[in-house]
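Printed here is upload29.txt (compact mmCIF, C-alpha atoms):
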# COMPACT_ATOMS: atom_id res chain seq x y z
CA MET Y 23 -34.63 9.68 294.72
CA PHE Y 24 -35.96 8.72 291.29
CA ILE Y 25 -33.56 6.30 289.57
CA PHE Y 26 -33.01 5.60 285.89
CA ASP Y 27 -31.31 2.22 285.41
CA ALA Y 28 -29.82 2.07 281.91
CA HIS Y 29 -29.42 -1.70 281.71
CA LEU Y 30 -31.65 -4.53 282.97
CA ASP Y 31 -32.07 -7.93 281.28
CA LEU Y 32 -35.67 -8.30 282.40
CA SER Y 33 -36.96 -10.49 279.58
CA MET Y 34 -33.93 -12.80 279.74
CA ASN Y 35 -34.71 -13.48 283.38
CA ALA Y 36 -38.34 -14.12 282.56
CA MET Y 37 -37.81 -16.30 279.50
CA GLU Y 38 -34.56 -18.16 280.21
CA TRP Y 39 -34.43 -18.18 284.03
CA ASN Y 40 -38.23 -18.67 284.24
CA ARG Y 41 -38.59 -15.94 286.84
CA ASP Y 42 -41.97 -14.26 287.29
CA LEU Y 43 -40.87 -10.70 288.01
CA ARG Y 44 -44.33 -9.89 289.39
CA TRP Y 45 -43.29 -11.92 292.44
CA SER Y 46 -41.16 -10.40 295.17
CA VAL Y 47 -37.42 -11.11 295.25
CA ALA Y 48 -37.99 -13.31 298.32
CA GLU Y 49 -40.67 -15.34 296.52
CA ILE Y 50 -38.44 -15.87 293.50
CA ARG Y 51 -35.58 -17.00 295.74
CA GLU Y 52 -37.85 -19.39 297.58
CA SER Y 53 -39.08 -20.88 294.30
CA GLU Y 54 -35.47 -21.59 293.23
CA GLN Y 55 -34.36 -23.42 296.39
CA GLY Y 56 -32.26 -26.45 295.47
CA MET Y 57 -31.90 -25.48 291.79
CA THR Y 58 -28.35 -25.73 290.45
CA ASP Y 59 -28.71 -25.16 286.70
CA LYS Y 60 -27.44 -21.57 287.00
CA PRO Y 61 -24.95 -20.11 289.48
CA ASP Y 62 -27.29 -17.32 290.60
CA ARG Y 63 -30.26 -19.46 291.63
CA GLU Y 64 -31.78 -18.24 294.92
CA LYS Y 65 -29.63 -15.10 294.62
CA ASN Y 66 -31.69 -12.84 292.34
CA THR Y 67 -31.91 -9.13 293.13
CA VAL Y 68 -34.55 -7.77 290.71
CA SER Y 69 -38.34 -7.85 290.66
CA PHE Y 70 -40.95 -5.24 289.85
CA ASP Y 71 -41.71 -4.94 293.56
CA ALA Y 72 -38.04 -4.30 294.39
CA MET Y 73 -37.78 -1.75 291.58
CA ARG Y 74 -40.74 0.13 292.98
CA LYS Y 75 -39.33 0.03 296.49
CA GLY Y 76 -36.14 1.53 295.09
CA ASN Y 77 -38.07 4.16 293.07
CA ILE Y 78 -36.58 2.82 289.84
CA GLY Y 79 -39.39 4.05 287.67
CA LEU Y 80 -37.60 3.99 284.33
CA CYS Y 81 -35.09 1.60 282.82
CA VAL Y 82 -33.51 0.44 279.61
CA ALA Y 83 -34.66 -3.16 279.22
CA THR Y 84 -33.05 -5.58 276.81
CA GLN Y 85 -33.69 -8.17 274.23
CA ILE Y 86 -30.70 -10.49 273.91
CA ALA Y 87 -30.00 -13.57 271.77
CA ARG Y 88 -26.58 -14.41 270.37
CA TYR Y 89 -26.01 -16.22 267.07
CA VAL Y 90 -22.96 -18.45 267.33
CA LYS Y 91 -21.18 -19.83 264.30
CA PRO Y 92 -19.93 -23.45 264.21
CA LYS Y 93 -16.97 -24.15 266.53
CA ASN Y 94 -17.77 -21.07 268.63
CA THR Y 95 -17.91 -22.26 272.23
CA LEU Y 96 -20.06 -19.39 273.52
CA PRO Y 97 -23.69 -20.23 274.35
CA GLY Y 98 -26.18 -19.07 271.77
CA TRP Y 99 -28.39 -19.97 268.83
CA ASN Y 100 -27.26 -21.81 265.71
CA SER Y 101 -28.86 -19.41 263.26
CA PRO Y 102 -29.78 -15.72 263.16
CA GLN Y 103 -33.38 -16.78 262.53
CA GLN Y 104 -33.47 -18.67 265.83
CA ALA Y 105 -31.90 -15.70 267.61
CA TRP Y 106 -34.52 -13.39 266.07
CA ALA Y 107 -37.31 -15.71 267.22
CA GLN Y 108 -35.90 -15.64 270.76
CA THR Y 109 -35.94 -11.83 270.81
CA GLN Y 110 -39.53 -11.93 269.57
CA GLY Y 111 -40.47 -14.17 272.47
CA GLN Y 112 -38.83 -11.69 274.81
CA LEU Y 113 -40.73 -8.83 273.19
CA SER Y 114 -43.96 -10.79 273.63
CA TRP Y 115 -43.22 -11.03 277.36
CA TYR Y 116 -42.72 -7.26 277.61
CA LYS Y 117 -46.02 -6.72 275.82
CA SER Y 118 -47.81 -9.13 278.14
CA MET Y 119 -46.41 -7.23 281.13
CA GLU Y 120 -47.78 -4.04 279.57
CA ASP Y 121 -51.17 -5.70 279.15
CA ASP Y 122 -51.04 -6.76 282.80
CA GLY Y 123 -50.29 -3.22 283.95
CA TRP Y 124 -46.71 -3.72 285.17
CA LEU Y 125 -44.72 -2.03 282.41
CA ARG Y 126 -45.11 0.81 279.91
CA GLN Y 127 -42.96 1.14 276.82
CA ILE Y 128 -41.42 4.57 276.21
CA THR Y 129 -40.47 5.40 272.61
CA ASN Y 130 -40.46 9.20 272.22
CA LYS Y 131 -40.09 12.48 274.10
CA ARG Y 132 -43.83 12.97 274.62
CA GLU Y 133 -44.21 9.54 276.20
CA LEU Y 134 -41.09 10.10 278.31
CA ASN Y 135 -42.31 13.42 279.72
CA ALA Y 136 -45.80 12.03 280.36
CA HIS Y 137 -44.38 9.00 282.17
CA LEU Y 138 -42.15 11.09 284.42
CA GLU Y 139 -45.06 13.39 285.27
CA ASN Y 140 -47.36 10.43 286.01
CA TRP Y 141 -44.73 8.73 288.17
CA GLN Y 142 -44.26 11.88 290.21
CA LYS Y 143 -47.99 12.48 290.68
CA ASN Y 144 -49.22 8.90 291.13
CA LYS Y 145 -46.34 6.44 291.39
CA LYS Y 146 -48.49 3.71 292.90
CA ASN Y 147 -50.71 3.44 289.83
CA THR Y 148 -48.11 4.17 287.15
CA PRO Y 149 -46.43 1.19 285.42
CA ILE Y 150 -42.63 1.09 285.37
CA GLY Y 151 -41.37 2.68 282.17
CA TYR Y 152 -38.96 0.82 279.91
CA ILE Y 153 -36.98 1.71 276.80
CA LEU Y 154 -36.31 -1.30 274.58
CA SER Y 155 -32.68 -2.06 273.70
CA LEU Y 156 -31.05 -4.91 271.80
CA GLU Y 157 -27.84 -6.22 273.38
CA GLY Y 158 -25.83 -7.60 270.48
CA ALA Y 159 -27.14 -7.31 266.93
CA ASP Y 160 -26.69 -10.93 265.79
CA SER Y 161 -30.46 -11.47 265.73
CA ILE Y 162 -30.83 -8.79 263.04
CA ILE Y 163 -30.98 -11.16 260.05
CA ASN Y 164 -30.70 -8.26 257.62
CA LEU Y 165 -31.35 -4.54 257.83
CA ASP Y 166 -35.05 -5.00 257.07
CA TYR Y 167 -35.26 -6.67 260.47
CA LEU Y 168 -33.81 -3.57 262.11
CA GLU Y 169 -36.68 -1.61 260.54
CA LYS Y 170 -39.11 -4.16 262.02
CA SER Y 171 -37.48 -3.83 265.42
CA TYR Y 172 -37.72 -0.05 265.26
CA GLU Y 173 -41.43 -0.34 264.46
CA GLN Y 174 -41.77 -2.61 267.51
CA GLY Y 175 -40.29 0.13 269.69
CA LEU Y 176 -36.56 -0.62 269.69
CA ARG Y 177 -34.70 2.57 270.56
CA ALA Y 178 -31.12 1.46 271.37
CA ILE Y 179 -28.80 -1.24 270.05
CA GLY Y 180 -25.36 -2.64 270.83
CA PRO Y 181 -23.68 -4.10 267.73
CA ALA Y 182 -21.84 -6.81 269.70
CA HIS Y 183 -21.95 -8.75 272.95
CA TYR Y 184 -19.30 -11.32 273.90
CA GLY Y 185 -17.06 -12.77 271.21
CA PRO Y 186 -17.13 -12.31 267.43
CA GLY Y 187 -20.47 -11.18 266.04
CA THR Y 188 -22.09 -10.64 262.68
CA TYR Y 189 -21.65 -6.88 262.74
CA ALA Y 190 -18.78 -6.25 265.18
CA PHE Y 191 -16.42 -7.95 267.61
CA GLY Y 192 -17.28 -7.84 271.28
CA THR Y 193 -15.79 -8.54 274.68
CA ASP Y 194 -12.91 -11.04 274.73
CA SER Y 195 -12.42 -10.95 270.96
CA ILE Y 196 -10.39 -8.91 268.49
CA GLY Y 197 -11.64 -7.58 265.16
CA GLY Y 198 -13.27 -4.72 263.30
CA ILE Y 199 -16.72 -3.81 262.08
CA GLY Y 200 -16.33 -4.72 258.39
CA VAL Y 201 -18.81 -3.97 255.59
CA LYS Y 202 -21.84 -5.34 257.42
CA GLY Y 203 -20.98 -3.37 260.54
CA LYS Y 204 -20.68 -0.13 258.60
CA GLU Y 205 -24.03 -0.76 256.89
CA LEU Y 206 -25.63 -1.41 260.28
CA LEU Y 207 -24.21 1.83 261.68
CA LYS Y 208 -25.59 3.81 258.74
CA LYS Y 209 -29.02 2.30 259.32
CA ILE Y 210 -28.83 3.01 263.06
CA GLU Y 211 -28.06 6.65 262.22
CA LYS Y 212 -30.90 6.86 259.70
CA LEU Y 213 -33.42 5.51 262.23
CA ASN Y 214 -32.02 7.75 264.98
CA LEU Y 215 -31.48 4.72 267.18
CA ILE Y 216 -29.06 5.10 270.09
CA LEU Y 217 -25.85 3.17 269.56
CA ASP Y 218 -24.78 1.36 272.73
CA ALA Y 219 -20.97 1.17 272.72
CA THR Y 220 -20.94 -1.32 275.60
CA HIS Y 221 -19.16 -4.59 274.77
CA LEU Y 222 -17.40 -3.34 271.62
CA CYS Y 223 -13.83 -4.60 271.61
CA ASP Y 224 -11.17 -1.92 271.25
CA GLN Y 225 -10.70 -2.30 267.51
CA SER Y 226 -14.44 -2.31 266.77
CA PHE Y 227 -14.91 0.64 269.14
CA TRP Y 228 -12.39 2.86 267.38
CA GLU Y 229 -13.51 1.83 263.90
CA THR Y 230 -17.06 2.68 264.93
CA MET Y 231 -15.99 6.09 266.17
CA LYS Y 232 -14.50 6.85 262.74
CA VAL Y 233 -17.73 6.30 260.81
CA TYR Y 234 -20.65 6.78 263.22
CA GLU Y 235 -22.09 10.24 263.83
CA GLY Y 236 -25.39 9.51 265.59
CA PRO Y 237 -26.38 9.42 269.27
CA ILE Y 238 -24.27 7.12 271.44
CA TRP Y 239 -24.16 5.94 275.04
CA ALA Y 240 -22.59 3.12 277.03
CA SER Y 241 -25.39 1.60 279.07
CA HIS Y 242 -23.31 -0.53 281.45
CA ASN Y 243 -19.55 0.02 281.52
CA ASN Y 244 -16.89 0.55 284.16
CA CYS Y 245 -13.37 1.97 284.05
CA ARG Y 246 -10.30 0.02 282.91
CA LYS Y 247 -8.29 2.11 285.37
CA PHE Y 248 -9.62 -0.09 288.18
CA VAL Y 249 -10.00 -3.46 286.41
CA ASN Y 250 -7.59 -3.88 283.51
CA HIS Y 251 -9.75 -5.93 281.17
CA ASN Y 252 -11.13 -5.24 277.70
CA ARG Y 253 -14.71 -5.33 279.05
CA GLN Y 254 -14.01 -1.96 280.70
CA PHE Y 255 -13.27 1.27 278.86
CA SER Y 256 -9.88 2.97 278.93
CA ASP Y 257 -9.62 6.65 279.82
CA GLU Y 258 -9.06 7.37 276.12
CA GLN Y 259 -12.34 5.62 275.23
CA LEU Y 260 -14.22 7.35 278.04
CA LEU Y 261 -12.94 10.74 276.88
CA GLU Y 262 -14.05 9.95 273.32
CA LEU Y 263 -17.56 9.17 274.59
CA ILE Y 264 -17.61 12.28 276.76
CA ASP Y 265 -16.57 14.37 273.74
CA ARG Y 266 -19.54 12.90 271.86
CA LYS Y 267 -21.93 13.94 274.67
CA ALA Y 268 -22.52 10.32 275.68
CA VAL Y 269 -23.62 9.06 279.09
CA ILE Y 270 -21.87 6.04 280.63
CA GLY Y 271 -23.89 3.83 282.97
CA THR Y 272 -21.82 2.22 285.73
CA ALA Y 273 -22.41 -1.49 286.38
CA LEU Y 274 -22.56 -3.72 289.46
CA ASP Y 275 -21.00 -7.00 288.29
CA ALA Y 276 -18.31 -7.63 290.91
CA TRP Y 277 -15.65 -8.88 288.52
CA MET Y 278 -15.87 -5.52 286.74
CA MET Y 279 -15.38 -3.65 290.01
CA VAL Y 280 -12.32 -5.21 291.65
CA PRO Y 281 -9.21 -6.79 290.08
CA ASN Y 282 -8.29 -10.48 290.35
CA TRP Y 283 -11.87 -11.75 290.66
CA GLN Y 284 -12.07 -15.51 290.03
CA ARG Y 285 -15.45 -16.63 288.76
CA GLY Y 286 -17.00 -19.31 290.93
CA LYS Y 287 -14.32 -18.88 293.60
CA SER Y 288 -14.25 -15.24 294.69
CA THR Y 289 -17.04 -13.85 296.85
CA PRO Y 290 -18.08 -10.22 297.40
CA GLU Y 291 -17.31 -10.60 301.10
CA LYS Y 292 -13.79 -11.97 300.61
CA MET Y 293 -13.00 -9.38 297.94
CA GLY Y 294 -14.62 -6.52 299.86
CA VAL Y 295 -16.89 -5.46 296.99
CA THR Y 296 -19.35 -2.72 297.98
CA LEU Y 297 -21.41 0.02 296.40
CA GLU Y 298 -18.46 2.31 297.06
CA HIS Y 299 -16.75 0.64 294.09
CA MET Y 300 -19.59 1.89 291.88
CA VAL Y 301 -19.07 5.37 293.32
CA GLN Y 302 -15.35 5.02 292.56
CA ASN Y 303 -16.17 4.43 288.89
CA ILE Y 304 -18.70 7.26 288.85
CA ASP Y 305 -16.19 9.64 290.37
CA HIS Y 306 -13.46 8.71 287.90
CA ILE Y 307 -15.72 9.48 284.94
CA CYS Y 308 -16.72 12.78 286.53
CA GLN Y 309 -13.07 13.68 287.07
CA LEU Y 310 -12.28 12.90 283.41
CA ALA Y 311 -15.22 14.99 282.23
CA GLY Y 312 -14.66 17.82 284.68
CA ASN Y 313 -18.36 17.68 285.60
CA SER Y 314 -21.17 15.27 286.54
CA LEU Y 315 -22.94 15.31 283.17
CA HIS Y 316 -21.71 12.10 281.53
CA VAL Y 317 -22.26 9.30 284.00
CA GLY Y 318 -25.28 7.42 285.31
CA ILE Y 319 -26.48 4.08 286.63
CA GLY Y 320 -26.57 0.96 284.42
CA THR Y 321 -26.53 -1.84 286.95
CA ASP Y 322 -26.82 -4.99 284.79
CA LEU Y 323 -28.24 -6.61 287.95
CA ASP Y 324 -29.36 -10.20 287.36
CA GLY Y 325 -27.55 -10.08 284.04
CA GLY Y 326 -26.45 -13.70 284.46
CA PHE Y 327 -25.31 -13.11 288.04
CA GLY Y 328 -26.90 -12.44 291.42
CA LYS Y 329 -25.83 -11.74 294.99
CA GLU Y 330 -22.88 -14.12 294.57
CA GLN Y 331 -21.31 -11.58 292.19
CA ALA Y 332 -22.73 -8.24 293.33
CA PRO Y 333 -21.74 -5.74 296.04
CA MET Y 334 -22.08 -7.31 299.47
CA ASP Y 335 -24.09 -4.33 300.74
CA LEU Y 336 -26.76 -4.84 298.07
CA ASP Y 337 -29.55 -7.33 298.75
CA THR Y 338 -31.98 -6.16 296.08
CA ILE Y 339 -32.05 -3.47 293.44
CA ALA Y 340 -33.91 -1.26 295.94
CA ASP Y 341 -30.58 -0.75 297.72
CA LEU Y 342 -29.50 1.56 294.90
CA GLN Y 343 -31.08 4.22 297.13
CA ASN Y 344 -27.89 4.04 299.22
CA ILE Y 345 -25.80 5.48 296.39
CA PRO Y 346 -26.82 9.14 296.91
CA VAL Y 347 -25.59 8.90 300.52
CA LEU Y 348 -22.23 7.57 299.33
CA LEU Y 349 -21.98 10.31 296.71
CA THR Y 350 -22.72 12.95 299.35
CA LYS Y 351 -19.89 11.58 301.48
CA LYS Y 352 -17.67 11.84 298.40
CA GLY Y 353 -18.44 15.55 298.17
CA TYR Y 354 -21.12 15.59 295.46
CA ASP Y 355 -23.93 18.11 295.88
CA SER Y 356 -27.64 17.49 295.29
CA ASP Y 357 -27.52 18.75 291.71
CA ASP Y 358 -24.64 16.43 290.80
CA ILE Y 359 -26.40 13.49 292.47
CA SER Y 360 -29.60 14.15 290.52
CA ASN Y 361 -27.56 14.22 287.31
CA ILE Y 362 -26.03 10.84 288.12
CA MET Y 363 -29.11 9.05 289.42
CA ASN Y 364 -31.50 10.03 286.64
CA ARG Y 365 -31.12 13.38 284.90
CA ASN Y 366 -28.18 12.67 282.60
CA PHE Y 367 -29.89 9.78 280.83
CA ILE Y 368 -33.25 11.57 280.79
CA ASN Y 369 -31.73 14.71 279.28
CA PHE Y 370 -29.86 12.55 276.75
CA LEU Y 371 -33.19 11.06 275.61
CA ARG Y 372 -34.88 14.46 275.49
CA HIS Y 373 -32.08 15.75 273.29
CA THR Y 374 -32.07 12.67 271.03
CA TRP Y 375 -35.78 12.11 270.59
CA THR Y 376 -38.33 14.26 268.78
Could you rewrite the structure in this file as C-alpha cells?
Amino acid sequence: MFIFDAHLDLSMNAMEWNRDLRWSVAEIRESEQGMTDKPDREKNTVSFDAMRKGNIGLCVATQIARYVKPKNTLPGWNSPQQAWAQTQGQLSWYKSMEDDGWLRQITNKRELNAHLENWQKNKKNTPIGYILSLEGADSIINLDYLEKSYEQGLRAIGPAHYGPGTYAFGTDSIGGIGVKGKELLKKIEKLNLILDATHLCDQSFWETMKVYEGPIWASHNNCRKFVNHNRQFSDEQLLELIDRKAVIGTALDAWMMVPNWQRGKSTPEKMGVTLEHMVQNIDHICQLAGNSLHVGIGTDLDGGFGKEQAPMDLDTIADLQNIPVLLTKKGYDSDDISNIMNRNFINFLRHTWT
C-alpha cells in the first residue's frame, strides 16, 4: 500500500548525524559501529532504500533549528541568524538530493497529482516526493524570512518545538503566542501555509485556535488518553482539530506510546511497545471523529531516536507495511485503511492547494 509519512527529519539526519540516506539502513548502521555521541547510533531505521521498500513515496520532510536564549538549557543555536543558516544548509541538502535524482519537491496540487501518477506508473524511476516543513519557527528572523522560505518551497510550519520559542511556547513549557506569534499566524494565513499544531503547549494551542483561520494539521501527535503528557493532545484538542478538518499523524516514538517510559533505561521489549500501540492511537482518533477521515501516519522515525525507542516489531521504516494488517484485525475496511495510510493527507493537500 502507498504510504504518506507526514513527518520525517531527513535533513537533520543528513546534516547533524552525518548519515548518507542513499545508503541502505544496514550500511548506515555498519558505518556507526562503536560511535557513542548519540543514543541512536547503529539503530537508525530510515534510508531512501527502506522508504522505497515500504512504498513510502511521499513524505513531509523537515527543516529544524532551534534558537535558544541565554540560560536556556535546551540544545540549539545562540542566534536566530545561526538557526536560519542551519535551515539553509538543510535545504541545500534537499536540493542536492533532487539534483542526484533521489527526491522531488512537491509544492502545489499539479505537482502532487503528477507525482502520484508517476509513482503509480513507474515507481522505480520516480524520486520520492517531499513537502518541505519547518519544525519550530525560531529560525524565522522576521516575517520577510517567512516569505523567503515560502519562495524556497516551504509549505508547512510549526510555530514551536520544545521549550519557549520566539513565536509560541512548545512542549514542556507554559506560555502564549504573544504579539509576534499572532503576526506570524497572520502571515501563515496570508501565504496559505499549513500550520502544524504539533508541539504547541496547551496555552499556545488554545490561543492559536482563537485567532488562526487557515489550514491546520498535526503532523506527528499521539493521544494524551494513553500517555498523560503535554506532548500528546487531549481529547478536547483532538476534537478541535477534527472540527477544523485537520489530519493528525500518529507517531512512533516509544515514550509517546506507553506510560512510564524512562529515557535511557526503558526498552521497547521490556515495555512491550509494538505497532499495535500506533493502531491504538489511530483507533482512538477515529472513534472521536466518528469516521476514518482525520488520522494518518506521521512516524517521526529517526527524529533523534532509533530502534532503542521505537516499536520492537519495527526494524526499518519499510515495516510500516504491517499496519494495514493490524488495522484489518481491528475491524477497519479497505477504504478506511486507504484513508489512514495515505488518502487523508493527500486529500487535505488537494483541498488546501491551488
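For the pair atom CA of Met279 of chain Y and atom CA of Asp322 of chain Y, the interatomic distance is 12.6 Å.
Atom pair atom CA of Glu157 of chain Y / atom CA of Ile86 of chain Y has a distance of 5.2 Å (rounded to one decimal).
In this model, the gap between atom CA of Ala159 of chain Y and atom CA of Pro181 of chain Y comes to 4.8 Å.
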Contacts of segment 103-106 of chain Y at 12 Å (all atoms listed in the file; same-chain gap of 3+ positions) as an MDAnalysis selection string = chainID Y and resid 85:91 97:100 109:113 156:164 167:168 170:171
Centre and edge lengths, as AutoDock Vina command-line options, for the axis-aligned box enclosing every listed atom of segment 28-44 of chain Y with 6 Å of padding on each of the six sides, in Å to one decimal?
--center_x -36.9 --center_y -8.3 --center_z 284.4 --size_x 26.9 --size_y 32.7 --size_z 21.9
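The shortest atom-to-atom distance to Ser226 of chain Y, with all atoms listed in the file taken into account, belongs to Y:Ala182 out of Y:Ser241, Y:Leu260, Y:Ala182, Y:Lys202.
Residues lying at most 9 Å from (-34.3, -4.5, 298.3) in file coordinates, with only C-alpha atoms considered, are Y:Val47, Y:Thr67, Y:Val68, Y:Asp71, Y:Ala72, Y:Met73, Y:Lys75, Y:Gly76, Y:Leu336, Y:Asp337, Y:Thr338, Y:Ile339, Y:Ala340, Y:Asp341, Y:Leu342.
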Go ahead and save the picked residues with C-alpha atoms, as a compact mmCIF listing (two decimals), keeping the file's coordinate frame.
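Printed below is selection.txt as written:
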# COMPACT_ATOMS: atom_id res chain seq x y z
CA VAL Y 47 -37.42 -11.11 295.25
CA THR Y 67 -31.91 -9.13 293.13
CA VAL Y 68 -34.55 -7.77 290.71
CA ASP Y 71 -41.71 -4.94 293.56
CA ALA Y 72 -38.04 -4.30 294.39
CA MET Y 73 -37.78 -1.75 291.58
CA LYS Y 75 -39.33 0.03 296.49
CA GLY Y 76 -36.14 1.53 295.09
CA LEU Y 336 -26.76 -4.84 298.07
CA ASP Y 337 -29.55 -7.33 298.75
CA THR Y 338 -31.98 -6.16 296.08
CA ILE Y 339 -32.05 -3.47 293.44
CA ALA Y 340 -33.91 -1.26 295.94
CA ASP Y 341 -30.58 -0.75 297.72
CA LEU Y 342 -29.50 1.56 294.90
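Residue nearest Trp228 of chain Y within the list Y:Leu125, Y:Ala273, Y:Leu297, Y:Ile196: Y:Ile196 [criterion: smallest interatomic distance, only C-alpha atoms].
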Show which residues sit within 6 Å of segment 129-132 of chain Y, as a ChimeraX atom specification. Count only C-alpha atoms, and ignore same-chain residues fewer than 2 positions away.
-> /Y:134-135,372,375-376
Would you export the selected residues with C-alpha atoms as a PDB file, in the frame of the given file, please?
ATOM      1  CA  LEU Y 134     -41.090  10.100 278.310  1.00  0.00           C
ATOM      2  CA  ASN Y 135     -42.310  13.420 279.720  1.00  0.00           C
ATOM      3  CA  ARG Y 372     -34.880  14.460 275.490  1.00  0.00           C
ATOM      4  CA  TRP Y 375     -35.780  12.110 270.590  1.00  0.00           C
ATOM      5  CA  THR Y 376     -38.330  14.260 268.780  1.00  0.00           C
TER       6      THR Y 376
END
Wanna dump the segment 61-87 of chain Y-segment 26-42 of chain Y contacts at 9 Å for me, each residue with its shortest atom pair and the distance in Å to one decimal, counting all atoms listed in the file, ordered by chain and number, as a Markdown table?
| residue | atom | partner | partner_atom | distance |
| --- | --- | --- | --- | --- |
| Y:Arg63 | CA | Y:Trp39 | CA | 8.8 |
| Y:Val68 | CA | Y:Leu32 | CA | 8.4 |
| Y:Ser69 | CA | Y:Asp42 | CA | 8.1 |
| Y:Asn77 | CA | Y:Phe26 | CA | 8.9 |
| Y:Ile78 | CA | Y:Phe26 | CA | 6.0 |
| Y:Gly79 | CA | Y:Phe26 | CA | 6.8 |
| Y:Leu80 | CA | Y:Phe26 | CA | 5.1 |
| Y:Cys81 | CA | Y:Asp27 | CA | 4.6 |
| Y:Val82 | CA | Y:Ala28 | CA | 4.6 |
| Y:Ala83 | CA | Y:Leu30 | CA | 5.0 |
| Y:Thr84 | CA | Y:Asp31 | CA | 5.1 |
| Y:Gln85 | CA | Y:Ser33 | CA | 6.7 |
| Y:Ile86 | CA | Y:Met34 | CA | 7.1 |
| Y:Ala87 | CA | Y:Met34 | CA | 8.9 |
Write out as a PyMOL selection string each polymer residue whose atoms come within 8 Å of Met23 of chain Y, counting all atoms listed in the file; drop sequence neighbours fewer than 2 positions from it.
-> chain Y and resi 25+77+343+360+363
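Among Y:Asp265, Y:Glu139, Y:Asp335, Y:Asp305, the residue with the shortest atom-to-atom distance to Leu349 of chain Y, counting all atoms listed in the file, is Y:Asp305.
Using all atoms listed in the file, the set of residues no farther than 6 Å from the position (-35.7, -14.5, 293.0) comprises Val47, Ala48, Ile50, Arg51, Glu64 and Asn66 of chain Y.
Non-sequential neighbours of Asn94 of chain Y (distance at most 12 Å, separation of 6 or more positions within a chain, only C-alpha atoms) are Arg88, Asn100, Tyr184, Gly185, Pro186, Gly187 and Ser195 of chain Y.
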Exercise: Asp357 of chain Y partners within 12 Å, all atoms listed in the file, chain neighbours under 5 positions left out, as a ChimeraX atom specification | /Y:23,313-315,346,349-350,362-366
Put those residues in a file: C-alpha atoms, as a PDB file, in the coordinates of the input.
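Dumped to selection38.pdb:
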ATOM      1  CA  MET Y  23     -34.630   9.680 294.720  1.00  0.00           C
ATOM      2  CA  ASN Y 313     -18.360  17.680 285.600  1.00  0.00           C
ATOM      3  CA  SER Y 314     -21.170  15.270 286.540  1.00  0.00           C
ATOM      4  CA  LEU Y 315     -22.940  15.310 283.170  1.00  0.00           C
ATOM      5  CA  PRO Y 346     -26.820   9.140 296.910  1.00  0.00           C
ATOM      6  CA  LEU Y 349     -21.980  10.310 296.710  1.00  0.00           C
ATOM      7  CA  THR Y 350     -22.720  12.950 299.350  1.00  0.00           C
ATOM      8  CA  ILE Y 362     -26.030  10.840 288.120  1.00  0.00           C
ATOM      9  CA  MET Y 363     -29.110   9.050 289.420  1.00  0.00           C
ATOM     10  CA  ASN Y 364     -31.500  10.030 286.640  1.00  0.00           C
ATOM     11  CA  ARG Y 365     -31.120  13.380 284.900  1.00  0.00           C
ATOM     12  CA  ASN Y 366     -28.180  12.670 282.600  1.00  0.00           C
TER      13      ASN Y 366
END
Closest to Gly328 of chain Y among Y:Glu205, Y:Glu173, Y:Asp275, Y:Glu298, using all atoms listed in the file?
-> Y:Asp275
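Across Y:Val233, Y:Met300, Y:Ile238, Y:Ile307, the tightest approach to Thr374 of chain Y is made by Y:Ile238 when counting only C-alpha atoms.
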Pick from Y:Trp239, Y:Val301, Y:Met293, Y:His373 nearest to His316 of chain Y, counting only C-alpha atoms | Y:Trp239
Each residue of segment 250-314 of chain Y with at least one atom at most 9 Å from segment 215-220 of chain Y should appear once, together with its nearest atom pair and the corresponding distance in Å (one decimal); atoms considered: all atoms listed in the file; ordering: chain, then increasing residue number; output as CSV.
residue,atom,partner,partner_atom,distance
Y:Arg253,CA,Y:Thr220,CA,8.2
Y:Gln254,CA,Y:Thr220,CA,8.6
Y:Phe255,CA,Y:Thr220,CA,8.7
Y:Leu263,CA,Y:Ala219,CA,8.9
Y:Ile270,CA,Y:Thr220,CA,9.0
Export: segment 50-65 of chain Y, C-alpha atoms, as a PDB file, in the first residue's frame:
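And here's selection-v6.pdb as it stands now:
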ATOM      1  CA  ILE Y  50      24.436   3.236   7.824  1.00  0.00           C
ATOM      2  CA  ARG Y  51      24.356   1.032  10.924  1.00  0.00           C
ATOM      3  CA  GLU Y  52      27.635  -0.576   9.971  1.00  0.00           C
ATOM      4  CA  SER Y  53      29.261   2.837   9.469  1.00  0.00           C
ATOM      5  CA  GLU Y  54      28.223   3.881  13.002  1.00  0.00           C
ATOM      6  CA  GLN Y  55      29.619   0.855  14.859  1.00  0.00           C
ATOM      7  CA  GLY Y  56      31.335   1.962  18.063  1.00  0.00           C
ATOM      8  CA  MET Y  57      30.026   5.547  17.900  1.00  0.00           C
ATOM      9  CA  THR Y  58      28.577   6.841  21.172  1.00  0.00           C
ATOM     10  CA  ASP Y  59      27.939  10.544  20.527  1.00  0.00           C
ATOM     11  CA  LYS Y  60      24.194   9.947  20.095  1.00  0.00           C
ATOM     12  CA  PRO Y  61      21.981   7.317  21.726  1.00  0.00           C
ATOM     13  CA  ASP Y  62      20.597   6.025  18.418  1.00  0.00           C
ATOM     14  CA  ARG Y  63      23.901   5.217  16.717  1.00  0.00           C
ATOM     15  CA  GLU Y  64      23.733   1.873  14.862  1.00  0.00           C
ATOM     16  CA  LYS Y  65      19.952   1.897  15.407  1.00  0.00           C
TER      17      LYS Y  65
END
